[in-house]
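File shown here: entry-v8.cif, holding mmCIF, C-alpha atoms.
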data_data
#
loop_
_atom_site.label_atom_id
_atom_site.label_comp_id
_atom_site.auth_asym_id
_atom_site.auth_seq_id
_atom_site.Cartn_x
_atom_site.Cartn_y
_atom_site.Cartn_z
CA MET A 1 108.68 53.45 190.06
CA GLU A 2 105.28 51.79 190.38
CA HIS A 3 102.45 53.08 188.21
CA THR A 4 100.38 54.44 191.12
CA GLN A 5 103.39 56.24 192.55
CA LEU A 6 104.19 57.73 189.14
CA VAL A 7 100.67 59.13 188.82
CA GLN A 8 100.88 60.63 192.33
CA GLN A 9 104.24 62.24 191.59
CA LEU A 10 102.96 63.71 188.34
CA GLN A 11 99.92 65.14 190.11
CA LYS A 12 102.27 66.85 192.57
CA THR A 13 103.80 68.82 189.69
CA GLY A 14 100.45 70.57 189.19
CA CYS A 15 99.80 68.95 185.83
CA ARG A 16 96.43 67.55 184.90
CA VAL A 17 96.93 63.78 184.77
CA ARG A 18 94.87 61.03 183.13
CA GLU A 19 95.53 57.30 182.84
CA GLN A 20 95.02 55.19 179.70
CA GLU A 21 94.16 58.27 177.65
CA PRO A 22 93.19 57.35 174.04
CA LEU A 23 95.74 59.09 171.82
CA ALA A 24 93.50 58.83 168.76
CA ALA A 25 91.69 61.79 170.33
CA HIS A 26 94.92 63.82 170.38
CA THR A 27 96.20 63.25 166.83
CA THR A 28 94.89 64.59 163.54
CA PHE A 29 95.07 61.04 162.08
CA ARG A 30 92.58 59.89 164.75
CA ILE A 31 94.60 56.68 165.05
CA GLY A 32 96.46 55.01 167.92
CA GLY A 33 96.22 53.27 171.25
CA ALA A 34 96.31 54.78 174.72
CA ALA A 35 98.95 56.67 176.64
CA GLU A 36 99.87 54.85 179.84
CA VAL A 37 99.86 58.23 181.59
CA PHE A 38 98.85 61.54 179.95
CA ALA A 39 99.91 64.82 181.59
CA VAL A 40 99.06 68.38 180.56
CA ALA A 41 101.46 71.11 181.68
CA ALA A 42 100.13 74.66 181.94
CA SER A 43 103.54 76.23 182.62
CA ALA A 44 107.20 75.78 181.80
CA GLU A 45 107.81 74.97 185.47
CA GLN A 46 105.31 72.11 185.38
CA ALA A 47 106.85 70.79 182.18
CA ALA A 48 110.35 70.95 183.69
CA ALA A 49 109.17 69.03 186.76
CA VAL A 50 107.74 66.25 184.56
CA ILE A 51 110.90 66.06 182.47
CA GLN A 52 113.09 65.90 185.57
CA LEU A 53 110.92 63.17 187.12
CA CYS A 54 111.00 61.04 183.97
CA ARG A 55 114.75 61.52 183.64
CA LYS A 56 115.41 60.57 187.26
CA GLU A 57 113.23 57.44 187.12
CA ALA A 58 114.17 56.43 183.54
CA ILE A 59 110.53 56.66 182.43
CA PRO A 60 109.86 56.97 178.67
CA LEU A 61 108.59 60.46 177.79
CA LEU A 62 106.86 61.69 174.64
CA VAL A 63 106.12 65.41 174.27
CA LEU A 64 103.00 65.98 172.20
CA GLY A 65 101.85 69.09 170.36
CA ASN A 66 98.71 68.99 168.27
CA GLY A 67 99.54 65.47 167.09
CA SER A 68 99.44 66.65 163.47
CA ASN A 69 102.57 64.87 162.25
CA LEU A 70 102.27 61.67 164.29
CA LEU A 71 101.19 58.12 163.72
CA VAL A 72 100.64 56.39 167.07
CA SER A 73 101.04 52.64 167.42
CA ASP A 74 97.90 50.57 167.91
CA ASP A 75 99.55 49.36 171.13
CA GLY A 76 99.71 52.91 172.48
CA VAL A 77 102.61 54.63 174.24
CA ARG A 78 104.38 53.43 177.38
CA GLY A 79 105.43 55.85 180.09
CA VAL A 80 104.34 59.49 180.04
CA VAL A 81 102.88 61.56 177.22
CA LEU A 82 103.28 65.26 178.04
CA GLN A 83 101.15 67.87 176.30
CA LEU A 84 102.17 71.51 176.64
CA ALA A 85 99.32 73.98 177.23
CA LEU A 86 101.67 76.97 176.91
CA ASN A 87 99.41 79.41 175.11
CA GLU A 88 100.86 82.90 175.63
CA ILE A 89 101.36 85.32 172.73
CA ALA A 90 103.34 88.53 173.46
CA ILE A 91 103.76 91.13 170.70
CA ASN A 92 106.27 93.99 171.03
CA GLU A 93 106.36 96.04 167.83
CA THR A 94 107.57 93.50 165.23
CA THR A 95 108.89 90.95 167.74
CA VAL A 96 106.58 88.10 168.76
CA THR A 97 107.19 85.65 171.60
CA VAL A 98 104.82 82.70 171.62
CA GLY A 99 104.30 79.59 173.76
CA ALA A 100 104.92 76.16 172.27
CA GLY A 101 101.29 75.10 172.70
CA VAL A 102 99.79 77.85 170.53
CA PRO A 103 98.25 76.53 167.29
CA LEU A 104 99.99 78.00 164.25
CA THR A 105 96.68 79.16 162.77
CA LYS A 106 95.82 81.02 166.00
CA LEU A 107 99.24 82.72 165.93
CA CYS A 108 98.75 83.72 162.29
CA THR A 109 95.42 85.31 163.15
CA ALA A 110 96.91 87.21 166.11
CA VAL A 111 99.83 88.68 164.15
CA CYS A 112 97.52 89.57 161.27
CA GLU A 113 95.35 91.59 163.66
CA ALA A 114 98.54 93.29 164.89
CA GLY A 115 99.49 94.20 161.34
CA LEU A 116 102.52 91.91 161.14
CA THR A 117 103.50 90.02 157.99
CA GLY A 118 105.79 87.03 157.47
CA LEU A 119 103.69 84.13 158.74
CA GLU A 120 100.94 83.99 156.15
CA PHE A 121 102.28 80.70 154.74
CA ALA A 122 101.61 78.97 158.08
CA PHE A 123 97.89 79.72 158.14
CA GLY A 124 96.13 76.37 158.02
CA ILE A 125 99.11 74.24 159.03
CA PRO A 126 97.44 71.98 161.64
CA GLY A 127 100.17 72.00 164.26
CA THR A 128 101.38 73.96 167.26
CA VAL A 129 104.31 76.36 167.39
CA GLY A 130 106.43 73.83 169.29
CA GLY A 131 105.77 71.04 166.82
CA GLY A 132 106.26 73.47 163.95
CA VAL A 133 109.69 74.45 165.20
CA TYR A 134 110.64 70.82 165.83
CA MET A 135 110.13 69.99 162.15
CA ASN A 136 110.66 73.49 160.70
CA ALA A 137 107.14 73.47 159.28
CA GLY A 138 106.54 75.24 156.03
CA ALA A 139 104.26 75.66 153.03
CA TYR A 140 103.90 77.73 149.87
CA GLY A 141 107.55 78.76 149.76
CA GLY A 142 107.83 79.80 153.41
CA GLN A 143 109.08 78.03 156.53
CA LEU A 144 109.43 78.93 160.20
CA SER A 145 113.21 79.27 159.86
CA ASP A 146 112.48 82.45 157.85
CA VAL A 147 111.21 84.25 160.96
CA ILE A 148 112.70 82.55 164.05
CA GLU A 149 115.12 84.62 166.13
CA SER A 150 115.53 82.26 169.09
CA VAL A 151 113.95 79.34 170.91
CA THR A 152 113.69 78.73 174.64
CA ALA A 153 113.72 75.04 175.52
CA LEU A 154 114.09 72.58 178.36
CA THR A 155 117.07 70.21 178.25
CA PRO A 156 116.62 66.48 179.00
CA ASP A 157 117.59 67.40 182.59
CA GLY A 158 114.81 70.01 182.77
CA GLU A 159 117.15 73.01 182.62
CA THR A 160 116.11 76.11 180.65
CA VAL A 161 118.24 77.18 177.68
CA THR A 162 117.76 79.80 174.97
CA LEU A 163 119.23 79.02 171.56
CA PRO A 164 119.69 81.60 168.78
CA ALA A 165 118.45 80.71 165.31
CA GLU A 166 121.94 79.96 164.01
CA GLU A 167 122.29 77.11 166.52
CA LEU A 168 118.99 75.43 165.61
CA GLU A 169 120.21 73.61 162.46
CA LEU A 170 117.00 74.56 160.70
CA ALA A 171 116.65 72.87 157.31
CA TYR A 172 113.90 71.19 155.29
CA ARG A 173 111.72 69.40 157.88
CA HIS A 174 114.63 69.36 160.32
CA SER A 175 115.85 71.06 163.48
CA VAL A 176 118.42 70.40 166.18
CA PHE A 177 115.56 69.33 168.47
CA MET A 178 115.26 66.07 166.55
CA LYS A 179 118.57 64.96 168.03
CA ASN A 180 119.34 66.96 171.20
CA GLY A 181 116.39 65.78 173.29
CA CYS A 182 115.33 69.33 174.23
CA THR A 183 111.68 70.37 174.49
CA VAL A 184 110.58 73.65 172.90
CA ILE A 185 108.88 75.95 175.43
CA SER A 186 108.62 79.25 173.58
CA VAL A 187 109.77 80.89 170.36
CA THR A 188 110.73 84.46 169.53
CA MET A 189 110.06 85.55 165.96
CA LYS A 190 110.91 88.67 163.98
CA LEU A 191 108.17 89.76 161.60
CA ALA A 192 107.60 92.95 159.59
CA ALA A 193 104.95 95.65 159.59
CA GLY A 194 102.21 95.13 157.04
CA GLU A 195 98.63 95.95 156.15
CA PRO A 196 96.12 93.69 157.93
CA ALA A 197 93.83 93.60 154.88
CA ALA A 198 96.65 92.41 152.59
CA ILE A 199 97.83 89.87 155.16
CA ARG A 200 94.31 88.55 155.59
CA ALA A 201 93.87 88.28 151.82
CA ALA A 202 97.07 86.21 151.53
CA MET A 203 95.96 83.89 154.34
CA THR A 204 92.57 83.46 152.72
CA GLU A 205 94.24 82.56 149.43
CA TYR A 206 96.44 79.94 151.13
CA ILE A 207 93.61 78.31 153.06
CA THR A 208 91.47 78.24 149.89
CA ARG A 209 94.29 76.49 148.02
CA ARG A 210 94.57 73.98 150.86
CA ARG A 211 90.85 73.23 150.79
CA ASP A 212 90.82 72.87 147.01
CA LYS A 213 93.85 70.59 146.75
CA GLN A 214 94.11 68.72 150.07
CA PRO A 215 91.72 66.15 151.60
CA LEU A 216 90.91 68.23 154.68
CA GLU A 217 87.55 66.47 155.00
CA TYR A 218 89.33 63.32 156.25
CA PRO A 219 91.65 62.73 159.22
CA SER A 220 95.29 62.66 158.12
CA ALA A 221 98.75 63.67 159.28
CA GLY A 222 99.34 66.08 156.41
CA SER A 223 101.95 65.27 153.77
CA PHE A 224 102.92 61.70 154.56
CA PHE A 225 106.28 61.57 152.78
CA LYS A 226 109.12 64.06 152.59
CA ARG A 227 109.75 65.75 149.26
CA PRO A 228 112.45 63.85 147.35
CA GLU A 229 115.17 65.97 145.79
CA GLY A 230 114.07 67.30 142.41
CA CYS A 231 110.50 65.98 142.50
CA PHE A 232 107.32 65.66 144.54
CA ALA A 233 106.24 62.55 146.43
CA GLY A 234 102.60 63.02 145.48
CA ALA A 235 103.43 63.18 141.77
CA LEU A 236 105.50 59.99 141.91
CA ILE A 237 102.76 58.15 143.79
CA GLU A 238 100.11 59.35 141.34
CA GLN A 239 102.22 58.27 138.35
CA CYS A 240 102.37 54.79 139.89
CA GLY A 241 98.57 54.70 139.69
CA LEU A 242 98.21 54.61 143.46
CA LYS A 243 95.60 57.32 143.99
CA GLY A 244 92.83 55.62 145.93
CA PHE A 245 95.03 52.64 146.89
CA THR A 246 93.55 51.26 150.11
CA VAL A 247 94.63 49.02 152.96
CA GLY A 248 91.93 48.53 155.60
CA GLY A 249 90.69 51.97 156.60
CA ALA A 250 93.78 53.77 155.23
CA GLN A 251 93.86 55.20 151.73
CA VAL A 252 96.12 57.21 149.43
CA SER A 253 93.93 60.26 148.92
CA GLU A 254 92.16 60.46 145.59
CA LYS A 255 92.39 64.24 145.89
CA HIS A 256 96.13 64.50 146.62
CA ALA A 257 98.38 61.44 146.39
CA GLY A 258 100.85 62.91 148.89
CA PHE A 259 98.29 62.40 151.66
CA VAL A 260 97.34 59.20 153.41
CA ILE A 261 93.86 59.50 154.91
CA ASN A 262 91.82 57.67 157.52
CA ARG A 263 88.58 56.82 155.77
CA GLY A 264 87.20 55.43 159.01
CA GLY A 265 88.50 52.86 161.44
CA ALA A 266 92.04 52.87 160.07
CA THR A 267 94.70 51.35 162.30
CA CYS A 268 98.38 52.12 162.55
CA ALA A 269 99.01 48.70 161.01
CA ASP A 270 96.82 49.65 158.02
CA VAL A 271 98.75 52.87 157.46
CA MET A 272 102.17 51.24 157.75
CA ALA A 273 101.21 48.43 155.36
CA LEU A 274 100.01 51.03 152.86
CA CYS A 275 103.18 53.09 153.41
CA HIS A 276 105.47 50.13 152.69
CA ALA A 277 103.51 49.17 149.58
CA VAL A 278 103.74 52.72 148.23
CA GLN A 279 107.47 52.93 148.97
CA GLU A 280 108.10 49.62 147.18
CA ARG A 281 106.11 50.64 144.10
CA VAL A 282 107.81 54.05 143.81
CA LYS A 283 111.26 52.52 144.34
CA GLU A 284 110.55 49.85 141.72
CA ARG A 285 109.37 52.31 139.07
CA PHE A 286 111.49 55.41 139.70
CA GLY A 287 114.39 54.23 141.87
CA VAL A 288 113.39 56.82 144.48
CA GLU A 289 113.23 55.90 148.16
CA LEU A 290 110.39 57.80 149.77
CA GLU A 291 111.06 58.81 153.38
CA ARG A 292 108.21 59.24 155.85
CA GLU A 293 107.64 62.78 157.07
CA VAL A 294 105.09 61.49 159.59
CA GLN A 295 106.69 60.18 162.78
CA LEU A 296 105.76 56.75 164.14
CA VAL A 297 105.65 56.57 167.95
CA GLY A 298 104.77 54.00 170.58
CA GLY A 299 104.44 50.26 170.41
#
Would you mind writing the file's structure down as structure tokens?
Amino acid sequence: MEHTQLVQQLQKTGCRVREQEPLAAHTTFRIGGAAEVFAVAASAEQAAAVIQLCRKEAIPLLVLGNGSNLLVSDDGVRGVVLQLALNEIAINETTVTVGAGVPLTKLCTAVCEAGLTGLEFAFGIPGTVGGGVYMNAGAYGGQLSDVIESVTALTPDGETVTLPAEELELAYRHSVFMKNGCTVISVTMKLAAGEPAAIRAAMTEYITRRRDKQPLEYPSAGSFFKRPEGCFAGALIEQCGLKGFTVGGAQVSEKHAGFVINRGGATCADVMALCHAVQERVKERFGVELEREVQLVGG
């Protein structure tokens, strides 16, 4: 399908469509080239239409949340980047159904106001519900798998399916969505009744700990490496003397060695060169192979 025809077909789905959209503006790292075509779906039906079109025409498709766990290639992303603006939150007693595009912090605030506990750990995680489910986001001893009842998703053919929690293969930074090609549309969670004041106090404590220990003043993609078994990536990196290690505009944070930050003008190439150097040093000293938690896309 020719580029002009693709754009016209995407516009017919009802999505907002832009060409050569800079993806640095849509990721928390503030790094990356442009999306060939960028579409924003305001409904599950629009998202399904885009997925079906891309499947039929064999067009590469990347579904984007808040871009908080992504490193985009300097060469950008071919095909279609689809962002889901599915922002509904429905609360029925202790059951919450939420759209994939809702930021986790916004959801935490909403359930706190409703007097529901169980999501305090997610306050301050800079991702959306959909992205959070995809990687089973967690912090401070909690993870989304603790509260998920079911997930409604679109298959690679654009069909709607609802999967119960036991079929989601939820584990540390892992879900079935990493391998089945489905796109999360909405999530149903089971929380518990609680006191809003106590919930708010817990969220305040967590966000204060984040601000004290994490380099939130710089663009980053959160924890850059997965936690190795029996230890912490940040501690290993720090013990190698790599706090402050810099390649171009990318730096191992001096505040928390588990974070790679964009000090200004960092490129994807800078970050990957730094990543490889850190992995080599840690492997050489400790025999531990650090695995990226941040996903590299495009190119």
Report as lines of an AutoDock Vina configuration file the centre and the edge lengths, in Å to one decimal, of the axis-aligned box holding every listed atom of stretch 191-204 of chain A, padded by 6 Å on each side.
center_x = 100.4
center_y = 89.7
center_z = 156.6
size_x = 27.6
size_y = 24.5
size_z = 22.1
Fewer than 6 positions away in the same chain doesn't count, so skip those; otherwise give me all residues within 10 Å of A:Ala114, counting only C-alpha atoms, as an mmCIF file with C-alpha atoms, keeping the file's coordinate frame.
data_model
loop_
_atom_site.group_PDB
_atom_site.id
_atom_site.type_symbol
_atom_site.label_atom_id
_atom_site.label_comp_id
_atom_site.auth_asym_id
_atom_site.auth_seq_id
_atom_site.Cartn_x
_atom_site.Cartn_y
_atom_site.Cartn_z
ATOM 1 C CA ILE A 91 103.760 91.130 170.700
ATOM 2 C CA ASN A 92 106.270 93.990 171.030
ATOM 3 C CA GLU A 93 106.360 96.040 167.830
ATOM 4 C CA THR A 94 107.570 93.500 165.230
ATOM 5 C CA CYS A 108 98.750 83.720 162.290
ATOM 6 C CA ALA A 193 104.950 95.650 159.590
ATOM 7 C CA GLY A 194 102.210 95.130 157.040
ATOM 8 C CA GLU A 195 98.630 95.950 156.150
ATOM 9 C CA PRO A 196 96.120 93.690 157.930
#
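Among A:Val40, A:Leu163, A:Leu64, A:Ile199, the residue with the shortest atom-to-atom distance to A:Gly132, counting only C-alpha atoms, is A:Leu64.
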May I have the residues within 10 Å of A:Val187 as an mmCIF file with C-alpha atoms, keeping the file's coordinate frame, using all atoms listed in the file and disregarding those fewer than 3 positions away in the same chain?
data_model
loop_
_atom_site.group_PDB
_atom_site.id
_atom_site.type_symbol
_atom_site.label_atom_id
_atom_site.label_comp_id
_atom_site.auth_asym_id
_atom_site.auth_seq_id
_atom_site.Cartn_x
_atom_site.Cartn_y
_atom_site.Cartn_z
ATOM 1 C CA ILE A 89 101.360 85.320 172.730
ATOM 2 C CA VAL A 96 106.580 88.100 168.760
ATOM 3 C CA THR A 97 107.190 85.650 171.600
ATOM 4 C CA VAL A 98 104.820 82.700 171.620
ATOM 5 C CA GLY A 99 104.300 79.590 173.760
ATOM 6 C CA ALA A 100 104.920 76.160 172.270
ATOM 7 C CA VAL A 129 104.310 76.360 167.390
ATOM 8 C CA GLY A 130 106.430 73.830 169.290
ATOM 9 C CA VAL A 133 109.690 74.450 165.200
ATOM 10 C CA ILE A 148 112.700 82.550 164.050
ATOM 11 C CA GLU A 149 115.120 84.620 166.130
ATOM 12 C CA SER A 150 115.530 82.260 169.090
ATOM 13 C CA VAL A 151 113.950 79.340 170.910
ATOM 14 C CA THR A 152 113.690 78.730 174.640
ATOM 15 C CA ALA A 153 113.720 75.040 175.520
ATOM 16 C CA THR A 162 117.760 79.800 174.970
ATOM 17 C CA LEU A 163 119.230 79.020 171.560
ATOM 18 C CA VAL A 184 110.580 73.650 172.900
#
When the PyMOL selection byres ((chain A and resi 55) around 12) is applied to the structure above, which residues does it catch, written out as a PyMOL selection string?
chain A and resi 1+48-54+56-62+79-80+155-159+181
Report task. Determine the residue membership of the PyMOL selection byres ((chain A and resi 237) around 12) for the file above and supply it as a PyMOL selection string. Result -> chain A and resi 224-225+227-228+231-236+238-245+252-254+256-260+274-275+277-286+288-290
Return as number ranges by chain the set of residues that the PyMOL selection byres ((chain A and resi 214) around 8) yields on the displayed structure. A: 210-213, 215-216, 255-256, 259
Skipping near chain neighbours, those fewer than 5 positions away, what residues fall within 10 Å of A:Gly264 using all atoms listed in the file, listed as JSON, numbers by chain?
-> {"A": [30, 31, 218, 219, 248, 249, 250, 251]}
- Query: Suppose you want the space between atom CA of A:His26 and atom CA of A:Val297; what is it in Å?
  - Reply: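 Calculated distance between atom CA of A:His26 and atom CA of A:Val297 is 13.2 Å.
Atom to atom, atom CA of A:Gly141 and atom CA of A:Thr105 stand 17.0 Å apart.
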